[in-house]
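Read through the structure below, which is laid out as structure tokens, and then see the notes.
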Amino acid sequence: MTKNEAKKSGLAVNNATSKCATAASSAEQVNSGSVEPDCPDQSTPIKAKVMKQTPRDTLHWRNTECEVYDDGTNTFFWRAHTLTVLFILTCALVYVTLLEETPQDTAYNTKRGIVASILVFLCFGVTQAKDGPFTRPHPAYWRFWLCVSVVYELFLIFILFQTVHDGRQFMKYIDPKLGVPLPERDYGGNCLIYDPGNTTDPFHNVWDKMDGFVPAHFLGWYIKTLVIRDWWMCMIISVMFEFLEYSLEHQLPNFSECWWDHWIMDVLVCNGLGIYCGMKTLGWLSMKPYQWQGLWNIPTYKGKIKRIAFQFTPYNWVKFEWKPASNLRRWLAVLGIIFMFLLAELNTFYLKFVLWMPPEHYLVLLRLVFFVNVGGVAMREIYDFMDDPKFHKKLGQQAWLVAAITVTEFLIVVKYDPNTIMLPIPFFVIQCWLLGILLIVTWTLWRFFIRDITLRYKETRRRKQEVPTDRDRTQGNGSTATPPGRSKLNGSSETLRQRKT
């Protein structure tokens with residue numbers, strides 16, 4: 001357990017008698033490793049080592065957070081090991097300095113020096129960087145990807161400051177096969193689902209599309225759903241990207257696909273099935289009990305194996321409730337998230353086009369793996385910053401880096417191939433996008449300005465109409481209204497006559 005988890009767990013020892021795990025028998029839950037063996041019953045005294053961390057007991061709580069039970073175990077696996085890493089790193093540097101002979105190859109020494117500098121930075125970041133919102137499977141894992149984000153952003157900045165020729169040729173230092181123009185390929189082709197001219201296999205066009213990108217699409221949208229945690233946002237991004245492919249197929253040839261490849265293969269089959277499976281997984285994660293116990297405190301081997309498997313699930317769960325129509329700030333934030341998401345998707349295709357990287361190259365796959373690992377942390381930090389700006393006063397570090405990386409990648413595309421970016425868009429495509437932007441702006445003005453002003457005006461009129469109605473109702477009940485210009489402190493007119501007499 002990390003320091004953050006121990007602090008959160010230590011805040012709630014006094015309330016450990018309430019809301020313990022209830023389902024099957026206690027002995028079965030203990031043996032399976034799903035609940036602490038000393039989770040107290042209502043009639044038994046509390047054992048000191050049981051710690052219940054519930055967001056209601058902390059200073060900051062949201063109703064979308066779940067309750068977490070943790071027994072507070074802090075084993076060797078969870079310690080920082082700063083001195084151990086420093087000792088190993090020092091030994092490696094001493095070995096290279098004193099015992100290894102330096103080669104006389106300048107290019108080799110340059111590569112090895114850059115790799116060594118990156119490794120030293122990663123060692124420092126993994127042990128010393130600030131923890132993010134995720135702690136499983138281990139906080140060091142997420143600190144590692146944070147440092148990789150810094151390294152990748154610095155690499156992009158370096159590429160951005162090179163000339164187009166030097167930047168493309170620099171990729172040869174990473175892989176000698178790069179730096180060569182890509183051959184032109186035809187991605188559209190024959191779009192007939194049933195080809196009567198091919199008697200051997202009339203459905204050959206469909207089978208030709210069944211390549212490795214089909215499971216990649218499904219897996220990608222499954223992970224994106226786990227990152228965004230909202231069905232509507234996922235479907236909007238999925239459909240919007242298909243419209244972007246239609247709009248930009250005159251720039252990139254691999255955007256030119258058949259209509260059934262866009263809407264049936266991509267949106268309905270691959271993306272839709274991935275989003276559906278992702279939502280089912282989110283439902284299971286939201287209902288799963290988050291009750292953690294030390295591995296060596298579990299008596300059975302089945303419970304230990306189950307505990308190891310659950311180590312790769314979240315420590316706690318927060319349900320994302322974006323609520324874009326609740327206020328203008330959240331609406332603009334959701335629009336910004338969708339825009340950056342689509343821009344990152346486009347960068348995947350444009351970067352490999354301008355840097356001459358084939359789609360099957362391992363660098364393209366590594367970039368996707370990178371965004372899979374950093375995207376979840378970035379989205380959680382964006383949601384925390386948007387949902388509660390008073391507690392989260394600044395944007396998270398991983399979200400900041402992901403935004404900077406996305407913008408830098410787009411700037412590289414603009415610099416390296418401005419001719420492709422500036423190809424004239426068909427007029428009917430411009431009309432469609434202008435219509436869509438106009439509808440969004442109109443709805444924004446109506447929802448957050450005109451509608452609010454109208455409701456405020458109606459409320460003011462209603463209150464003004466209620467005042468004379470209440471006054472007439474008081475007079476109708478037999479009470480005497482006070483004449484205008486005479487204070488109630490002077491009494492009624494009969495009292496004044498008696499005073500004069």
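To be explicit about the labels: the chains of the structure tokens are called A, B, and onward in the order shown, and within each one the residues are counted from 1, while ligands get numbers from 1 in the order they are shown.
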
Output as a PyMOL selection string all residues of range 274-347 of chain A that backbone DSSP marks as helix (DSSP H, G or I). chain A and resi 274-287+295-297+301-310+328-347

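For the choices A:Arg229, A:Arg367, A:Arg143, A:His262, the atom-to-atom distance to Met279 in chain A is smallest for A:Arg229 when using only C-alpha atoms.
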
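You can rank A:Trp443, A:Phe371, A:Ile174, A:Val413 by their closest distance to Ala325 in chain A using only C-alpha atoms, and at the top of that list sits A:Trp443.
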
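Taking CA of Met265 in chain A and CA of Pro359 in chain A as endpoints, the distance between them is 19.3 Å.
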
Using only C-alpha atoms, I'd like a table of the residues in range 127-213 of chain A that come within 12 Å of range 346-355 of chain A; for each, show the closest atom pair and its distance in Å rounded to one decimal, ordered by chain and ascending number, as a Markdown table.
```
| residue | atom | partner | partner_atom | distance |
| --- | --- | --- | --- | --- |
| A:Leu156 | CA | A:Leu351 | CA | 11.0 |
| A:Ile159 | CA | A:Leu355 | CA | 10.0 |
| A:Leu160 | CA | A:Leu355 | CA | 11.5 |
| A:Thr163 | CA | A:Leu355 | CA | 11.9 |
| A:Val164 | CA | A:Leu355 | CA | 8.9 |
| A:His165 | CA | A:Leu355 | CA | 9.8 |
| A:Asp166 | CA | A:Leu355 | CA | 10.7 |
| A:Gly167 | CA | A:Leu355 | CA | 7.8 |
| A:Arg168 | CA | A:Leu355 | CA | 5.6 |
| A:Gln169 | CA | A:Leu355 | CA | 9.1 |
| A:Phe170 | CA | A:Leu355 | CA | 9.9 |
| A:Met171 | CA | A:Leu355 | CA | 8.0 |
| A:Lys172 | CA | A:Leu355 | CA | 10.8 |
| A:Leu178 | CA | A:Leu355 | CA | 8.5 |
| A:Gly179 | CA | A:Leu355 | CA | 7.4 |
| A:Val180 | CA | A:Leu355 | CA | 9.0 |
| A:Pro181 | CA | A:Leu355 | CA | 8.7 |
| A:Leu182 | CA | A:Phe353 | CA | 7.8 |
| A:Pro183 | CA | A:Phe353 | CA | 10.6 |
| A:Glu184 | CA | A:Phe353 | CA | 10.8 |
```

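Minimum atom-to-atom distances from A:Ala80, A:Leu365, A:Leu332, A:Val267 to Ile236 in chain A were compared using only C-alpha atoms, and the lowest value belongs to A:Val267.
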